[in-house]
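Dropping my_file39.pdb in here (PDB, C-alpha atoms, pLDDT in the B column):
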```pdb
ATOM      1  CA  MET F 150    -170.381 125.220 198.382  1.00 62.00           C
ATOM      2  CA  ARG F 151    -168.933 124.230 201.766  1.00 72.00           C
ATOM      3  CA  ARG F 152    -170.247 121.203 203.645  1.00 77.00           C
ATOM      4  CA  ARG F 153    -171.073 121.371 207.323  1.00 84.00           C
ATOM      5  CA  PHE F 154    -169.866 118.911 209.944  1.00 86.00           C
ATOM      6  CA  ASN F 155    -172.647 116.772 211.410  1.00 88.00           C
ATOM      7  CA  GLN F 156    -172.315 117.372 215.169  1.00 89.00           C
ATOM      8  CA  ALA F 157    -174.837 114.641 215.929  1.00 89.00           C
ATOM      9  CA  LEU F 158    -172.023 112.139 215.256  1.00 90.00           C
ATOM     10  CA  LEU F 159    -169.994 113.315 218.268  1.00 90.00           C
ATOM     11  CA  PRO F 160    -170.201 111.301 221.511  1.00 89.00           C
ATOM     12  CA  LYS F 161    -172.424 112.783 224.203  1.00 90.00           C
ATOM     13  CA  GLU F 162    -170.583 111.335 227.221  1.00 88.00           C
ATOM     14  CA  PRO F 163    -167.242 109.644 227.926  1.00 83.00           C
ATOM     15  CA  PRO F 164    -167.080 105.871 227.514  1.00 75.00           C
ATOM     16  CA  LYS F 165    -167.777 103.756 230.587  1.00 79.00           C
ATOM     17  CA  ARG F 166    -164.663 102.617 232.378  1.00 79.00           C
ATOM     18  CA  GLY F 167    -163.441  99.191 231.251  1.00 71.00           C
ATOM     19  CA  GLU F 168    -166.080  98.780 228.584  1.00 70.00           C
ATOM     20  CA  ASN F 169    -165.049  97.426 225.175  1.00 73.00           C
ATOM     21  CA  LEU F 170    -161.447  96.962 226.216  1.00 73.00           C
ATOM     22  CA  PRO F 171    -159.627  93.917 224.919  1.00 76.00           C
ATOM     23  CA  LYS F 172    -158.854  91.265 227.517  1.00 76.00           C
ATOM     24  CA  PRO F 173    -155.167  91.195 228.435  1.00 79.00           C
ATOM     25  CA  LYS F 174    -153.167  88.443 226.811  1.00 82.00           C
ATOM     26  CA  PRO F 175    -151.122  86.203 229.084  1.00 85.00           C
ATOM     27  CA  ILE F 176    -147.531  87.373 229.290  1.00 88.00           C
ATOM     28  CA  GLY F 177    -144.832  84.894 228.360  1.00 90.00           C
ATOM     29  CA  SER F 178    -144.813  81.236 227.492  1.00 92.00           C
ATOM     30  CA  SER F 179    -146.627  78.493 229.351  1.00 93.00           C
ATOM     31  CA  PHE F 180    -143.463  77.918 231.410  1.00 95.00           C
ATOM     32  CA  ASN F 181    -143.262  81.626 232.344  1.00 95.00           C
ATOM     33  CA  GLN F 182    -146.885  81.590 233.526  1.00 94.00           C
ATOM     34  CA  TRP F 183    -146.386  78.358 235.496  1.00 95.00           C
ATOM     35  CA  PHE F 184    -143.186  79.651 237.133  1.00 96.00           C
ATOM     36  CA  ARG F 185    -144.812  82.955 238.177  1.00 95.00           C
ATOM     37  CA  HIS F 186    -147.861  81.134 239.513  1.00 95.00           C
ATOM     38  CA  LYS F 187    -145.707  78.661 241.481  1.00 95.00           C
ATOM     39  CA  LEU F 188    -143.733  81.452 243.155  1.00 95.00           C
ATOM     40  CA  GLU F 189    -146.835  83.565 243.909  1.00 95.00           C
ATOM     41  CA  GLU F 190    -148.880  80.647 245.236  1.00 95.00           C
ATOM     42  CA  ASN F 191    -146.141  79.742 247.727  1.00 94.00           C
ATOM     43  CA  GLY F 192    -145.228  83.317 248.675  1.00 94.00           C
ATOM     44  CA  VAL F 193    -141.673  83.096 247.375  1.00 95.00           C
ATOM     45  CA  THR F 194    -139.999  86.326 246.286  1.00 95.00           C
ATOM     46  CA  VAL F 195    -137.589  86.488 243.380  1.00 96.00           C
ATOM     47  CA  ALA F 196    -134.754  87.541 245.707  1.00 96.00           C
ATOM     48  CA  TYR F 197    -135.346  84.548 247.987  1.00 96.00           C
ATOM     49  CA  PHE F 198    -135.505  82.178 245.018  1.00 96.00           C
ATOM     50  CA  CYS F 199    -132.191  83.608 243.784  1.00 96.00           C
ATOM     51  CA  ARG F 200    -130.556  82.920 247.154  1.00 96.00           C
ATOM     52  CA  VAL F 201    -131.876  79.345 247.304  1.00 95.00           C
ATOM     53  CA  SER F 202    -131.072  78.479 243.690  1.00 94.00           C
ATOM     54  CA  GLY F 203    -127.806  80.421 243.428  1.00 94.00           C
ATOM     55  CA  GLN F 204    -128.897  82.036 240.156  1.00 95.00           C
ATOM     56  CA  PRO F 205    -128.415  85.724 239.281  1.00 96.00           C
ATOM     57  CA  TYR F 206    -131.404  88.028 239.703  1.00 96.00           C
ATOM     58  CA  PRO F 207    -131.608  89.051 235.983  1.00 96.00           C
ATOM     59  CA  THR F 208    -131.679  85.396 234.939  1.00 95.00           C
ATOM     60  CA  VAL F 209    -134.609  84.599 237.212  1.00 96.00           C
ATOM     61  CA  ARG F 210    -136.466  87.726 236.057  1.00 95.00           C
ATOM     62  CA  GLY F 211    -136.002  86.525 232.485  1.00 95.00           C
ATOM     63  CA  TRP F 212    -137.523  83.173 233.412  1.00 95.00           C
ATOM     64  CA  LEU F 213    -140.537  84.986 234.845  1.00 94.00           C
ATOM     65  CA  TYR F 214    -141.510  86.934 231.727  1.00 92.00           C
ATOM     66  CA  ARG F 215    -139.286  86.509 228.682  1.00 92.00           C
ATOM     67  CA  CYS F 216    -137.526  83.235 228.048  1.00 93.00           C
ATOM     68  CA  ASN F 217    -137.557  79.587 228.936  1.00 94.00           C
ATOM     69  CA  PRO F 218    -134.559  78.168 230.789  1.00 95.00           C
ATOM     70  CA  HIS F 219    -132.055  75.912 229.083  1.00 94.00           C
ATOM     71  CA  VAL F 220    -131.445  72.420 230.450  1.00 94.00           C
ATOM     72  CA  TRP F 221    -129.026  73.590 233.151  1.00 95.00           C
ATOM     73  CA  GLY F 222    -131.546  76.222 234.272  1.00 94.00           C
ATOM     74  CA  GLN F 223    -134.333  73.665 234.384  1.00 95.00           C
ATOM     75  CA  CYS F 224    -132.174  71.516 236.680  1.00 96.00           C
ATOM     76  CA  ARG F 225    -131.404  74.497 238.953  1.00 95.00           C
ATOM     77  CA  ILE F 226    -135.100  75.399 239.216  1.00 96.00           C
ATOM     78  CA  ALA F 227    -136.044  71.803 240.058  1.00 96.00           C
ATOM     79  CA  GLU F 228    -133.278  71.633 242.694  1.00 96.00           C
ATOM     80  CA  ALA F 229    -134.409  74.893 244.294  1.00 96.00           C
ATOM     81  CA  PHE F 230    -138.077  73.850 244.323  1.00 96.00           C
ATOM     82  CA  GLU F 231    -137.098  70.535 245.925  1.00 96.00           C
ATOM     83  CA  LYS F 232    -135.120  72.398 248.629  1.00 95.00           C
ATOM     84  CA  MET F 233    -138.181  74.566 249.305  1.00 94.00           C
ATOM     85  CA  GLY F 234    -140.383  71.465 249.598  1.00 94.00           C
ATOM     86  CA  PHE F 235    -142.524  71.858 246.465  1.00 93.00           C
ATOM     87  CA  GLY F 236    -142.104  68.244 245.360  1.00 93.00           C
ATOM     88  CA  LYS F 237    -139.583  65.698 244.148  1.00 96.00           C
ATOM     89  CA  TYR F 238    -136.791  66.723 241.800  1.00 96.00           C
ATOM     90  CA  GLU F 239    -137.739  64.233 239.050  1.00 96.00           C
ATOM     91  CA  ASP F 240    -141.403  65.284 238.995  1.00 96.00           C
ATOM     92  CA  ILE F 241    -140.612  69.000 238.926  1.00 95.00           C
ATOM     93  CA  ARG F 242    -137.921  68.540 236.267  1.00 96.00           C
ATOM     94  CA  GLU F 243    -140.323  66.584 234.043  1.00 96.00           C
ATOM     95  CA  ALA F 244    -143.051  69.223 234.436  1.00 95.00           C
ATOM     96  CA  ILE F 245    -140.583  71.978 233.509  1.00 95.00           C
ATOM     97  CA  ARG F 246    -139.301  70.012 230.502  1.00 95.00           C
ATOM     98  CA  VAL F 247    -142.838  69.507 229.167  1.00 95.00           C
ATOM     99  CA  LEU F 248    -143.704  73.191 229.627  1.00 94.00           C
ATOM    100  CA  CYS F 249    -140.477  74.340 227.958  1.00 92.00           C
ATOM    101  CA  ASP F 250    -140.981  72.023 224.974  1.00 90.00           C
ATOM    102  CA  LYS F 251    -144.402  73.556 224.196  1.00 78.00           C
ATOM    103  CA  LYS F 252    -144.360  76.172 221.464  1.00 59.00           C
TER
END
```

Go through the file and emit its structure as structure tokens.
Amino acid sequence: MRRRFNQALLPKEPPKRGENLPKPKPIGSSFNQWFRHKLEENGVTVAYFCRVSGQPYPTVRGWLYRCNPHVWGQCRIAEAFEKMGFGKYEDIREAIRVLCDKK
């Protein structure tokens, strides 16, 4: 004997847009999020930051999403932010060091 498929189990309408979707996870480490936010809040483009800091474009893109900078990179970021008037070098460098040390 063959069983029949229960068609009452099928959905009657498409799901509502955006309903039951997981919330997006933040991309990158706490440093990556802070760095992106700092650039966006001050209207600084990646290309402009590269010119001010003297760092290659792929390196800065990596700092935005993938990896934390090493000590030399942290110093370059703090120097560039100081040139752009975002604060004192020591304060920025300390903030970056704390964010990069978080796991």

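For the file shown, the residue list from the PyMOL selection byres ((chain F and resi 216) around 9) reads F:Gly177, F:Ser178, F:Phe180, F:Asn181, F:Gly211, F:Trp212, F:Leu213, F:Tyr214, F:Arg215, F:Asn217, F:Pro218.
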
Quiz prompt | Best match for closeness to Ile245 in chain F among F:Arg210, F:Arg166, F:Lys187, F:Lys232, counting all atoms listed in the file | solution = F:Lys187

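One finds CA of Asp250 in chain F at 26.8 Å from CA of Arg200 in chain F.
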
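As for CA of Lys174 in chain F and CA of Ala227 in chain F, they are spaced 27.3 Å apart.
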
Practice problem: Grab the CA of Glu190 in chain F to CA of Pro171 in chain F distance for me, in Å with one decimal place. | Solution: 26.5 Å

Kindly compute an axis-aligned box around the listed atoms of range 215-233 of chain F, allowing 4 Å on each side, and express its centre and edge lengths in Å to one decimal as JSON.
```
{"center_x": -134.2, "center_y": 78.5, "center_z": 238.7, "size_x": 18.3, "size_y": 24.0, "size_z": 29.3}
```

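Closest approach to Tyr197 in chain F among F:Phe154, F:Leu170, F:Lys161, F:Met233: F:Met233, based on only C-alpha atoms.
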
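Minimum atom-to-atom distance to Ser179 in chain F, evaluated using all atoms listed in the file, belongs to F:Cys249 out of F:Val193, F:Leu159, F:Val220, F:Cys249.
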
Exercise. Determine the residue set returned by the PyMOL selection byres ((chain F and resi 239) around 12) for the present structure, and present it as a ChimeraX atom specification.
Key: /F:223-224,226-228,230-231,235-238,240-246
